[in-house]
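Asker: Got a structure for you, protein_28.csv, holding CSV, C-alpha atoms.
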chain,number,residue,atom,x,y,z
A,1,MET,CA,16.9,-27.4,12.4
A,2,ASP,CA,19.5,-26.1,14.8
A,3,MET,CA,21.1,-24.1,12.0
A,4,ILE,CA,18.1,-21.8,11.8
A,5,ASN,CA,18.3,-18.5,13.5
A,6,LYS,CA,15.0,-18.8,15.3
A,7,GLN,CA,14.9,-15.3,16.8
A,8,ARG,CA,15.8,-13.7,13.5
A,9,LEU,CA,13.1,-15.7,11.7
A,10,LEU,CA,10.5,-14.9,14.3
A,11,ASP,CA,11.3,-11.2,14.3
A,12,GLU,CA,11.1,-11.1,10.5
A,13,PHE,CA,7.7,-12.9,10.5
A,14,LEU,CA,6.3,-10.5,13.1
A,15,GLU,CA,7.6,-7.6,11.1
A,16,LEU,CA,6.1,-8.7,7.8
A,17,VAL,CA,2.6,-9.6,9.1
A,18,GLN,CA,2.3,-6.0,10.4
A,19,ILE,CA,2.9,-4.6,6.9
A,20,ASP,CA,-0.6,-4.2,5.3
A,21,SER,CA,-0.7,-6.1,2.0
A,22,ALA,CA,-4.2,-6.5,0.6
A,23,THR,CA,-4.7,-8.1,-2.8
A,24,LYS,CA,-3.6,-5.6,-5.5
A,25,ASP,CA,-2.2,-3.3,-2.8
A,26,GLU,CA,1.1,-5.0,-2.0
A,27,ARG,CA,3.3,-1.9,-2.5
A,28,LYS,CA,4.5,-1.6,1.1
A,29,ILE,CA,5.5,-5.2,1.5
A,30,ALA,CA,7.1,-5.4,-2.0
A,31,ASP,CA,9.3,-2.4,-1.1
A,32,ALA,CA,10.3,-4.1,2.2
A,33,LEU,CA,11.2,-7.3,0.4
A,34,LEU,CA,13.2,-5.6,-2.3
A,35,ALA,CA,15.2,-4.0,0.5
A,36,LYS,CA,15.7,-7.4,2.1
A,37,PHE,CA,17.0,-8.8,-1.2
A,38,ARG,CA,19.4,-5.9,-1.5
A,39,ALA,CA,20.7,-6.5,2.0
A,40,LEU,CA,21.2,-10.2,1.1
A,41,GLY,CA,23.2,-9.2,-2.0
A,42,ILE,CA,20.6,-11.0,-4.2
A,43,THR,CA,19.6,-9.5,-7.6
A,44,ALA,CA,15.8,-8.9,-7.7
A,45,GLU,CA,13.4,-7.2,-10.1
A,46,GLU,CA,9.8,-6.2,-10.1
A,47,ASP,CA,7.7,-6.9,-13.2
A,48,ASP,CA,4.8,-4.8,-14.7
A,49,THR,CA,2.0,-7.0,-13.3
A,50,GLY,CA,0.8,-4.1,-11.1
A,51,ASP,CA,0.0,-2.0,-14.2
A,52,LYS,CA,-1.7,-4.9,-15.9
A,53,ILE,CA,-4.1,-5.7,-13.0
A,54,GLN,CA,-4.5,-2.1,-11.8
A,55,GLY,CA,-2.5,-2.9,-8.6
A,56,THR,CA,0.2,-1.0,-6.7
A,57,ALA,CA,3.0,-3.6,-7.1
A,58,GLY,CA,4.2,-6.3,-9.4
A,59,ASN,CA,5.7,-9.7,-8.9
A,60,LEU,CA,9.2,-9.9,-7.4
A,61,LEU,CA,11.6,-12.3,-9.1
A,62,ALA,CA,15.1,-12.7,-7.5
A,63,VAL,CA,17.9,-15.0,-8.6
A,64,MET,CA,20.8,-16.4,-6.5
A,65,ASP,CA,23.3,-18.0,-8.8
A,66,GLY,CA,25.7,-20.7,-7.5
A,67,GLY,CA,28.5,-22.8,-8.9
A,68,LYS,CA,27.0,-26.2,-8.1
A,69,ASP,CA,26.0,-28.3,-11.1
A,70,ALA,CA,22.4,-28.9,-10.1
A,71,PRO,CA,19.0,-28.3,-11.5
A,72,ALA,CA,17.7,-24.8,-11.1
A,73,LEU,CA,15.1,-24.5,-8.3
A,74,LEU,CA,12.2,-22.1,-7.8
A,75,PHE,CA,10.8,-21.1,-4.3
A,76,CYS,CA,7.6,-19.2,-4.3
A,77,ALA,CA,5.2,-17.5,-1.9
A,78,HIS,CA,2.6,-14.8,-2.4
A,79,MET,CA,2.6,-11.3,-0.9
A,80,ASP,CA,-1.1,-10.6,-0.6
A,81,ARG,CA,-3.5,-11.8,2.1
A,82,VAL,CA,-7.3,-12.1,2.6
A,83,GLU,CA,-9.4,-9.7,4.6
A,84,PRO,CA,-9.6,-8.7,7.4
A,85,GLY,CA,-5.8,-8.3,7.1
A,86,SER,CA,-5.0,-4.7,7.9
A,87,GLY,CA,-3.6,-3.6,11.3
A,88,ILE,CA,-2.5,-7.0,12.3
A,89,LYS,CA,-1.3,-7.2,15.9
A,90,PRO,CA,0.5,-10.5,16.4
A,91,GLN,CA,0.9,-12.1,19.8
A,92,ILE,CA,2.6,-15.2,21.1
A,93,THR,CA,1.2,-17.7,23.6
A,94,ASP,CA,3.0,-21.0,24.4
A,95,GLY,CA,4.9,-21.0,21.2
A,96,ILE,CA,1.9,-20.2,19.0
A,97,ILE,CA,1.6,-17.0,17.0
A,98,SER,CA,-1.9,-15.6,16.5
A,99,SER,CA,-3.5,-12.2,15.9
A,100,ASP,CA,-5.5,-10.3,18.5
A,101,GLY,CA,-8.7,-11.9,17.2
A,102,THR,CA,-9.9,-8.9,15.1
A,103,THR,CA,-7.9,-9.8,12.0
A,104,ILE,CA,-6.3,-12.8,10.3
A,105,LEU,CA,-2.7,-13.5,11.1
A,106,ALA,CA,-1.5,-13.6,7.5
A,107,ALA,CA,0.7,-16.6,8.1
A,108,ASP,CA,-0.8,-17.5,4.7
A,109,ASP,CA,1.5,-16.6,3.1
A,110,VAL,CA,4.0,-14.5,5.2
A,111,ALA,CA,5.2,-17.7,6.7
A,112,GLY,CA,6.3,-18.8,3.3
A,113,ILE,CA,8.1,-15.6,2.6
A,114,ALA,CA,9.9,-15.6,5.9
A,115,ALA,CA,10.9,-19.2,5.6
A,116,ILE,CA,12.3,-18.7,2.1
A,117,LEU,CA,14.3,-15.6,3.2
A,118,GLU,CA,15.7,-17.3,6.3
A,119,GLY,CA,16.6,-20.4,4.2
A,120,LEU,CA,18.5,-18.2,1.8
A,121,ARG,CA,20.4,-16.5,4.6
A,122,ILE,CA,21.5,-19.9,6.0
A,123,VAL,CA,22.7,-21.0,2.6
A,124,LYS,CA,24.8,-17.8,2.3
A,125,GLU,CA,26.1,-17.8,5.8
A,126,ARG,CA,27.1,-21.5,5.7
A,127,GLN,CA,28.3,-21.3,2.1
A,128,ILE,CA,26.2,-24.3,1.2
A,129,PRO,CA,26.9,-25.3,-2.4
A,130,HIS,CA,23.9,-24.6,-4.7
A,131,GLY,CA,22.9,-24.1,-8.3
A,132,ARG,CA,20.6,-21.4,-9.6
A,133,ILE,CA,17.9,-20.5,-7.1
A,134,GLU,CA,14.9,-18.5,-8.2
A,135,ILE,CA,12.7,-16.7,-5.7
A,136,LEU,CA,9.2,-15.6,-6.8
A,137,PHE,CA,7.0,-13.5,-4.6
A,138,THR,CA,3.7,-13.0,-6.4
A,139,VAL,CA,0.9,-10.4,-6.1
A,140,ALA,CA,-2.9,-11.0,-6.1
A,141,GLU,CA,-2.8,-14.8,-5.5
A,142,GLU,CA,-5.8,-14.6,-3.2
A,143,GLY,CA,-7.8,-12.6,-5.8
A,144,GLY,CA,-7.5,-15.2,-8.5
A,145,LEU,CA,-3.8,-16.1,-9.0
A,146,TYR,CA,-3.5,-13.0,-11.1
A,147,GLY,CA,0.2,-12.4,-10.4
A,148,ALA,CA,1.2,-15.8,-11.6
A,149,LYS,CA,-1.0,-15.5,-14.6
A,150,MET,CA,0.6,-12.3,-15.7
A,151,LEU,CA,4.1,-13.5,-15.1
A,152,ASP,CA,6.6,-13.6,-18.0
A,153,ALA,CA,7.4,-17.3,-17.6
A,154,SER,CA,10.3,-17.1,-20.0
A,155,LYS,CA,12.4,-15.6,-17.2
A,156,LEU,CA,12.1,-18.8,-15.2
A,157,LYS,CA,14.8,-21.4,-15.7
A,158,ALA,CA,13.8,-23.7,-12.9
A,159,LYS,CA,13.4,-27.5,-13.3
A,160,ALA,CA,11.4,-27.8,-10.0
A,161,GLY,CA,9.2,-25.4,-8.1
A,162,PHE,CA,8.4,-25.4,-4.4
A,163,PHE,CA,5.4,-23.3,-3.3
A,164,LEU,CA,5.3,-22.7,0.5
A,165,ASP,CA,1.6,-22.2,0.7
A,166,ALA,CA,-0.3,-25.2,2.0
A,167,GLY,CA,-1.8,-26.4,5.3
A,168,GLY,CA,-0.6,-29.6,7.0
A,169,PRO,CA,2.6,-30.0,8.9
A,170,VAL,CA,6.0,-29.4,7.4
A,171,GLY,CA,6.8,-32.5,5.4
A,172,THR,CA,3.4,-32.4,3.6
A,173,VAL,CA,3.8,-32.3,-0.2
A,174,VAL,CA,0.8,-31.5,-2.3
A,175,VAL,CA,1.1,-33.3,-5.6
A,176,GLN,CA,-2.4,-33.0,-7.0
A,177,ALA,CA,-4.7,-30.0,-7.3
A,178,PRO,CA,-7.9,-29.3,-9.2
A,179,ALA,CA,-8.8,-27.2,-12.2
A,180,GLN,CA,-11.4,-24.5,-11.7
A,181,LYS,CA,-14.0,-23.0,-14.0
A,182,ASN,CA,-15.8,-19.8,-13.2
A,183,PHE,CA,-19.6,-19.8,-13.7
A,184,ARG,CA,-21.7,-16.7,-14.2
A,185,ALA,CA,-25.5,-16.7,-15.1
A,186,VAL,CA,-27.8,-13.7,-15.6
A,187,ILE,CA,-31.5,-14.6,-15.3
A,188,HIS,CA,-33.9,-12.3,-17.1
A,189,GLY,CA,-37.3,-12.2,-15.5
A,190,LYS,CA,-40.2,-9.7,-16.0
A,191,ALA,CA,-40.7,-6.6,-13.9
A,192,ALA,CA,-44.0,-5.6,-12.5
A,193,HIS,CA,-45.4,-3.6,-9.5
A,194,ALA,CA,-45.2,-6.0,-6.5
A,195,GLY,CA,-48.2,-4.5,-4.8
A,196,VAL,CA,-50.5,-3.6,-7.7
A,197,ALA,CA,-49.9,-6.3,-10.4
A,198,PRO,CA,-47.5,-9.0,-9.1
A,199,GLU,CA,-49.2,-11.5,-11.4
A,200,ASN,CA,-47.8,-9.6,-14.4
A,201,GLY,CA,-44.2,-10.1,-13.4
A,202,ILE,CA,-41.9,-13.1,-13.3
A,203,SER,CA,-39.4,-12.9,-10.4
A,204,ALA,CA,-35.8,-13.6,-11.5
A,205,ILE,CA,-35.0,-14.1,-7.8
A,206,VAL,CA,-37.6,-16.9,-7.6
A,207,VAL,CA,-36.3,-18.5,-10.7
A,208,ALA,CA,-32.8,-18.3,-9.4
A,209,ALA,CA,-33.8,-19.8,-6.1
A,210,GLN,CA,-35.6,-22.7,-7.8
A,211,ALA,CA,-32.5,-23.4,-9.9
A,212,ILE,CA,-30.1,-23.3,-7.1
A,213,ALA,CA,-32.3,-25.6,-5.0
A,214,LYS,CA,-32.1,-28.2,-7.9
A,215,MET,CA,-28.3,-28.0,-8.3
A,216,ASN,CA,-25.8,-30.5,-6.9
A,217,LEU,CA,-23.5,-28.2,-5.0
A,218,GLY,CA,-20.9,-28.5,-2.3
A,219,ARG,CA,-18.9,-31.8,-2.1
A,220,ILE,CA,-19.8,-33.7,-5.3
A,221,ASP,CA,-17.2,-36.4,-4.7
A,222,GLN,CA,-13.6,-36.7,-3.5
A,223,GLU,CA,-12.3,-34.9,-6.6
A,224,THR,CA,-15.1,-32.4,-7.3
A,225,THR,CA,-16.8,-29.4,-5.6
A,226,ALA,CA,-19.1,-26.7,-6.8
A,227,ASN,CA,-20.5,-23.5,-5.3
A,228,ILE,CA,-22.7,-20.5,-6.0
A,229,GLY,CA,-21.0,-17.8,-4.0
A,230,LEU,CA,-22.7,-14.6,-5.1
A,231,ILE,CA,-26.2,-13.5,-5.9
A,232,ARG,CA,-27.0,-10.0,-7.1
A,233,GLY,CA,-30.4,-8.7,-8.1
A,234,GLY,CA,-33.4,-6.7,-7.3
A,235,GLU,CA,-34.0,-2.9,-7.0
A,236,ALA,CA,-36.8,-2.4,-4.4
A,237,THR,CA,-39.3,-4.4,-2.4
A,238,ASN,CA,-42.2,-3.0,-4.5
A,239,ILE,CA,-40.7,-4.2,-7.8
A,240,ILE,CA,-40.8,-7.8,-9.1
A,241,PRO,CA,-37.1,-8.2,-10.0
A,242,ASP,CA,-36.4,-8.8,-13.6
A,243,ARG,CA,-32.6,-9.5,-13.3
A,244,VAL,CA,-30.5,-11.7,-11.1
A,245,GLU,CA,-26.8,-12.5,-11.5
A,246,LEU,CA,-25.4,-15.8,-10.0
A,247,ILE,CA,-21.7,-16.2,-9.7
A,248,GLY,CA,-20.1,-19.5,-8.8
A,249,GLU,CA,-17.4,-22.0,-9.5
A,250,ALA,CA,-16.7,-25.7,-10.0
A,251,ARG,CA,-13.5,-27.5,-9.3
A,252,SER,CA,-12.2,-31.0,-10.0
A,253,ARG,CA,-9.0,-32.9,-10.3
A,254,SER,CA,-10.8,-34.8,-13.2
A,255,SER,CA,-11.4,-32.8,-16.3
A,256,ALA,CA,-14.3,-35.1,-17.3
A,257,LYS,CA,-16.0,-34.6,-13.9
A,258,LEU,CA,-15.4,-30.8,-14.1
A,259,GLU,CA,-17.1,-30.6,-17.5
A,260,LYS,CA,-20.0,-32.8,-16.3
A,261,GLN,CA,-20.5,-30.6,-13.3
A,262,VAL,CA,-20.5,-27.3,-15.2
A,263,GLU,CA,-22.9,-28.8,-17.8
A,264,HIS,CA,-25.2,-29.9,-15.0
A,265,MET,CA,-25.3,-26.3,-13.5
A,266,GLU,CA,-26.0,-24.8,-16.9
A,267,GLU,CA,-28.7,-27.3,-17.7
A,268,VAL,CA,-30.5,-26.8,-14.4
A,269,ILE,CA,-30.6,-23.0,-15.0
A,270,ARG,CA,-31.8,-23.3,-18.6
A,271,ARG,CA,-34.5,-25.9,-17.7
A,272,THR,CA,-35.8,-23.8,-14.8
A,273,CYS,CA,-35.9,-20.7,-16.9
A,274,SER,CA,-37.8,-22.6,-19.6
A,275,ASP,CA,-40.3,-23.7,-17.0
A,276,TYR,CA,-41.0,-20.0,-16.1
A,277,GLY,CA,-40.9,-18.7,-19.6
A,278,VAL,CA,-37.8,-16.6,-19.1
A,279,SER,CA,-34.2,-16.6,-20.4
A,280,ALA,CA,-30.7,-16.7,-19.0
A,281,ASP,CA,-27.2,-15.7,-20.3
A,282,ILE,CA,-24.6,-18.1,-19.0
A,283,LYS,CA,-20.8,-17.7,-19.3
A,284,VAL,CA,-18.3,-20.4,-18.2
A,285,SER,CA,-14.6,-19.5,-18.2
A,286,ASP,CA,-11.4,-21.3,-17.2
A,287,SER,CA,-9.7,-20.0,-14.0
A,288,TYR,CA,-6.7,-22.4,-13.8
A,289,GLY,CA,-5.7,-25.9,-14.8
A,290,ALA,CA,-5.2,-28.9,-12.7
A,291,PHE,CA,-1.8,-30.6,-11.9
A,292,SER,CA,-1.0,-34.1,-11.0
A,293,LEU,CA,2.5,-35.4,-10.1
A,294,ASN,CA,3.7,-38.7,-8.8
A,295,GLN,CA,6.5,-40.0,-6.6
A,296,ASN,CA,8.7,-40.6,-9.7
A,297,ASP,CA,8.7,-36.9,-10.7
A,298,PHE,CA,12.0,-35.2,-9.9
A,299,VAL,CA,10.4,-32.4,-7.8
A,300,VAL,CA,8.5,-34.9,-5.7
A,301,LYS,CA,11.6,-37.1,-5.2
A,302,LEU,CA,13.6,-34.0,-4.1
A,303,ALA,CA,10.9,-32.9,-1.7
A,304,CYS,CA,10.7,-36.3,-0.1
A,305,GLN,CA,14.5,-36.7,0.1
A,306,ALA,CA,14.8,-33.3,1.7
A,307,ALA,CA,12.1,-34.1,4.3
A,308,GLU,CA,13.7,-37.5,5.1
A,309,ALA,CA,17.1,-35.8,5.6
A,310,MET,CA,15.4,-33.7,8.3
A,311,GLY,CA,14.0,-36.8,10.0
A,312,LEU,CA,10.5,-36.1,8.7
A,313,GLU,CA,8.2,-38.6,7.0
A,314,PRO,CA,7.0,-37.0,3.8
A,315,ARG,CA,3.2,-37.1,3.2
A,316,LEU,CA,2.0,-36.9,-0.4
A,317,GLU,CA,-1.4,-35.2,-0.4
A,318,SER,CA,-4.1,-34.0,-2.8
A,319,THR,CA,-6.0,-30.7,-2.3
A,320,GLY,CA,-9.2,-29.1,-3.4
A,321,GLY,CA,-7.7,-25.7,-3.5
A,322,GLY,CA,-5.8,-23.8,-6.2
A,323,SER,CA,-2.6,-21.9,-5.9
A,324,ASP,CA,0.1,-20.3,-7.9
A,325,ALA,CA,1.5,-23.8,-8.4
A,326,ASN,CA,-1.4,-24.6,-10.7
A,327,ILE,CA,-0.3,-21.7,-13.0
A,328,ILE,CA,3.5,-22.5,-12.8
A,329,ASN,CA,2.8,-26.2,-13.6
A,330,GLY,CA,1.0,-25.0,-16.6
A,331,TYR,CA,4.1,-23.2,-17.7
A,332,GLY,CA,5.9,-26.5,-17.8
A,333,ILE,CA,7.8,-26.3,-14.5
A,334,SER,CA,6.9,-29.2,-12.3
A,335,SER,CA,5.9,-27.8,-8.9
A,336,VAL,CA,4.6,-28.9,-5.6
A,337,VAL,CA,3.0,-27.1,-2.7
A,338,LEU,CA,4.6,-27.5,0.7
A,339,GLY,CA,2.8,-27.7,4.1
A,340,MET,CA,3.6,-24.8,6.4
A,341,GLY,CA,2.1,-26.1,9.6
A,342,TYR,CA,-0.3,-23.1,10.0
A,343,ASP,CA,-4.0,-23.7,10.8
A,344,HIS,CA,-7.4,-21.9,10.5
A,345,VAL,CA,-6.1,-19.8,7.6
A,346,HIS,CA,-8.5,-17.2,6.2
A,347,THR,CA,-10.1,-16.7,9.6
A,348,THR,CA,-9.4,-14.6,12.6
A,349,SER,CA,-8.5,-17.8,14.5
A,350,GLU,CA,-5.4,-18.3,12.2
A,351,VAL,CA,-2.3,-19.6,14.1
A,352,MET,CA,1.3,-20.3,13.3
A,353,PRO,CA,3.3,-22.6,15.6
A,354,ILE,CA,6.9,-21.2,15.9
A,355,ASP,CA,8.4,-24.7,15.6
A,356,GLN,CA,6.7,-25.3,12.3
A,357,LEU,CA,7.9,-21.9,11.0
A,358,VAL,CA,11.5,-23.0,11.9
A,359,ALA,CA,11.0,-26.3,10.3
A,360,ALA,CA,9.8,-24.7,7.1
A,361,ALA,CA,12.9,-22.6,6.9
A,362,ALA,CA,15.0,-25.7,7.5
A,363,TYR,CA,13.1,-27.5,4.8
A,364,VAL,CA,14.1,-24.8,2.3
A,365,VAL,CA,17.8,-25.4,3.2
A,366,SER,CA,17.4,-29.1,3.0
A,367,ILE,CA,15.9,-29.0,-0.5
A,368,ILE,CA,18.8,-26.8,-1.7
A,369,GLU,CA,21.4,-29.1,0.0
A,370,ASN,CA,19.8,-32.3,-1.5
A,371,SER,CA,19.4,-30.9,-5.0
Can you dump the structure from the file as structure tokens?
Answerer:
Amino acid sequence: MDMINKQRLLDEFLELVQIDSATKDERKIADALLAKFRALGITAEEDDTGDKIQGTAGNLLAVMDGGKDAPALLFCAHMDRVEPGSGIKPQITDGIISSDGTTILAADDVAGIAAILEGLRIVKERQIPHGRIEILFTVAEEGGLYGAKMLDASKLKAKAGFFLDAGGPVGTVVVQAPAQKNFRAVIHGKAAHAGVAPENGISAIVVAAQAIAKMNLGRIDQETTANIGLIRGGEATNIIPDRVELIGEARSRSSAKLEKQVEHMEEVIRRTCSDYGVSADIKVSDSYGAFSLNQNDFVVKLACQAAEAMGLEPRLESTGGGSDANIINGYGISSVVLGMGYDHVHTTSEVMPIDQLVAAAAYVVSIIENS
């Protein structure tokens, strides 16, 4: 890890987290990254995803060709961040980067971006032999993996993908992730005056509450989770509400368990509606597919070999979260998600240890060297 220019990497991370980059509003950071690619002498282009998703920027795809006879590699991170992520003021205490406590830090996923860029600089400066290297910085990952979903995958030639976008210390390799289905139900009750004739109404909110109370939600088992995250309905306190919308999700690394969970959620709503003499419209849609790799897959072998070359003990992990790697695996490019060492992501307590940031950049170099 001595090869990494620690100060340069740190300065770039601090620079990038201070560029506002909300989901579907990544224009400023996209422009900054395009300029960095130009400075590195790396060919980069922006696709039309921004237009497709009504955003301000598209995905960035850069290619660094090399003469080494080696499988093409893909390194990926996303440009957007969750809220509150505007006006970030990073600070450093005892080797730990954090925000000032009023915002997130956006190490998820600026750390991934900065580590990739520093890794590429080291490869160029040290003239490390390499094959084709593809760099993908996506938009709208946090909003539903939309950038990866809109990507023209025919432009990717990689045989292995590395997504710098997971928790756990550097050396963590996520090899399994769940599929997700989105769940939306609209319950139709019967309106009435809440003070004059409440007995003439059927509250859609009451029906929804009864249904939710009967559902198995949260941690179903080690592979499966489910959640109702949004409830919308009602117009006024003096009206029995005749419409309520429930929006949720279910995830599992097992397709059979995922189907069973969604069927359970739907059955509970329909049975409860029947008990009250009302109806429901239910829509289930696929968000992304699962992926499952093992230690014999090339991308996993390379990730482990590169970690061991750094003196790290690789840790193969499963996750309950989705990422762009779910989509890229679906395109036929075997991909893993790498631990970045950050913690408390998606909260104002998010932190990024500097030594882990340095290790992540060194990991990028090691993967390229060992390919």
Asker: Rank A:Val268, A:Leu60, A:Ile19, A:Val139 by their smallest atom-to-atom distance to Lys214 of chain A, using all atoms listed in the file, and report the top residue only.
Answerer: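 Among A:Val268, A:Leu60, A:Ile19, A:Val139, it is A:Val268 that comes nearest to Lys214 of chain A.
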Asker: Can you list, as a list in words, every protein, DNA or RNA residue that comes within 9 Å of segment 315-318 of chain A when you count only C-alpha atoms, leaving out same-chain residues fewer than 4 positions away?
Answerer: Gly171, Thr172, Val173, Val174, Val175, Gln176, Ala177, Pro178, Ser292, Asn294, Gln295, Val300 and Cys304 of chain A
Asker: Between A:Arg270, A:Lys52, A:Arg243, A:Lys181, single out the one closest to Ser255 of chain A, counting only C-alpha atoms.
Answerer: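 Ranked by minimum distance to Ser255 of chain A, first place goes to A:Lys181.
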Asker: Residues near Gly277 of chain A, anyone? I mean within 10 Å using only C-alpha atoms, not counting same-chain ones fewer than 5 positions away, as a PDB file with C-alpha atoms, in the frame of the given file.
Answerer:
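The new file out.pdb reads:
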ATOM      1  CA  HIS A 188     -33.900 -12.300 -17.100  1.00  0.00           C
ATOM      2  CA  GLY A 189     -37.300 -12.200 -15.500  1.00  0.00           C
ATOM      3  CA  LYS A 190     -40.200  -9.700 -16.000  1.00  0.00           C
ATOM      4  CA  ILE A 202     -41.900 -13.100 -13.300  1.00  0.00           C
ATOM      5  CA  ARG A 271     -34.500 -25.900 -17.700  1.00  0.00           C
ATOM      6  CA  THR A 272     -35.800 -23.800 -14.800  1.00  0.00           C
TER       7      THR A 272
END
Asker: Which residue gives the smallest distance to Thr103 of chain A among A:Glu267, A:Glu46, A:Glu83, A:Asp51, with only C-alpha atoms counted?
Answerer: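 Under the stated criterion, the closest residue is A:Glu83.
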Asker: Mind pulling up the distance from atom CA of Leu338 of chain A to atom CA of Asp100 of chain A?
Answerer: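 Those two atoms sit 26.7 Å apart.
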Asker: Set the distance at 8 Å and use all atoms listed in the file: which residues neighbour Asn182 of chain A once local chain neighbours fewer than 6 positions away are removed? I'd like the list as a ChimeraX atom specification.
Answerer: /A:247-250,284-287
Asker: What does the distance between atom CA of Gly229 of chain A and atom CA of Phe183 of chain A come to in Å, to one decimal place?
Answerer: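 Atom CA of Phe183 of chain A lies 10.0 Å from atom CA of Gly229 of chain A.
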Asker: Rounded to one decimal, what separation in Å do you get between atom CA of Asn329 of chain A and atom CA of Leu357 of chain A?
Answerer: 25.5 Å
Asker: Using all atoms listed in the file, which of A:Leu34, A:Gly66, A:Met215, A:Gly330 sits nearest Ile128 of chain A?
Answerer: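 Closest to Ile128 of chain A, using all atoms listed in the file: A:Gly66.
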Asker: So that I can see what lies close to Asp31 of chain A, please list as JSON, numbers by chain the residues with an atom at most 12 Å from it, counting all atoms listed in the file and leaving out residues fewer than 4 positions away in the same chain.
Answerer: {"A": [16, 19, 20, 21, 25, 26, 27, 35, 36, 37, 38, 44, 45, 46, 56, 57, 58, 59, 60, 79, 137]}
Asker: Which of these residues is nearest to Leu230 of chain A, using all atoms listed in the file: A:Lys283, A:Lys301, A:Arg8, A:Arg184?
Answerer: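 Of A:Lys283, A:Lys301, A:Arg8, A:Arg184, the one nearest Leu230 of chain A, counting all atoms listed in the file, is A:Arg184.
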Asker: For Asp11 of chain A, which residue among A:Ala185, A:Ala166, A:Ala114, A:Ala209 is the nearest when counting all atoms listed in the file?
Answerer: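 Once distances to Asp11 of chain A are computed over all atoms listed in the file, the minimum belongs to A:Ala114.
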Asker: If we draw a sphere of 12 Å around (-30.8, -8.4, -8.1), which residues have at least one atom in it when counting all atoms listed in the file? Please report them as a list of chain:residue names.
Answerer: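 Protein and nucleic acid residues near the point are A:Val186, A:Ile187, A:His188, A:Gly189, A:Ala191, A:Ser203, A:Ala204, A:Ile205, A:Val206, A:Val207, A:Ala208, A:Ala209, A:Leu230, A:Ile231, A:Arg232, A:Gly233, A:Gly234, A:Glu235, A:Ala236, A:Thr237, A:Ile239, A:Ile240, A:Pro241, A:Asp242, A:Arg243, A:Val244, A:Glu245, A:Leu246.
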Asker: Would you write out, as JSON lines, a table of all residues in segment 27-139 of chain A that have an atom no more than 6 Å from an atom of segment 342-356 of chain A, listing for each the closest atom pair and the distance in Å to one decimal, considering all atoms listed in the file and ordering rows by chain and rising residue number?
Answerer:
{"residue": "A:Gly95", "atom": "CA", "partner": "A:Ile354", "partner_atom": "CA", "distance": 5.7}
{"residue": "A:Ile96", "atom": "CA", "partner": "A:Pro353", "partner_atom": "CA", "distance": 4.4}
{"residue": "A:Ile97", "atom": "CA", "partner": "A:Met352", "partner_atom": "CA", "distance": 5.0}
{"residue": "A:Ser98", "atom": "CA", "partner": "A:Val351", "partner_atom": "CA", "distance": 4.7}
{"residue": "A:Gly101", "atom": "CA", "partner": "A:Thr348", "partner_atom": "CA", "distance": 5.4}
{"residue": "A:Thr103", "atom": "CA", "partner": "A:Thr348", "partner_atom": "CA", "distance": 5.1}
{"residue": "A:Ile104", "atom": "CA", "partner": "A:Thr348", "partner_atom": "CA", "distance": 4.3}
{"residue": "A:Leu105", "atom": "CA", "partner": "A:Glu350", "partner_atom": "CA", "distance": 5.6}
Asker: For Val299 of chain A, list every protein, DNA or RNA residue within 12 Å, evaluated using all atoms listed in the file, and leave out those in the same chain fewer than 4 positions away; present the list as a PyMOL selection string.
Answerer: chain A and resi 71-75+158-163+173-175+292-295+303-306+329+333-338+367-368+370-371
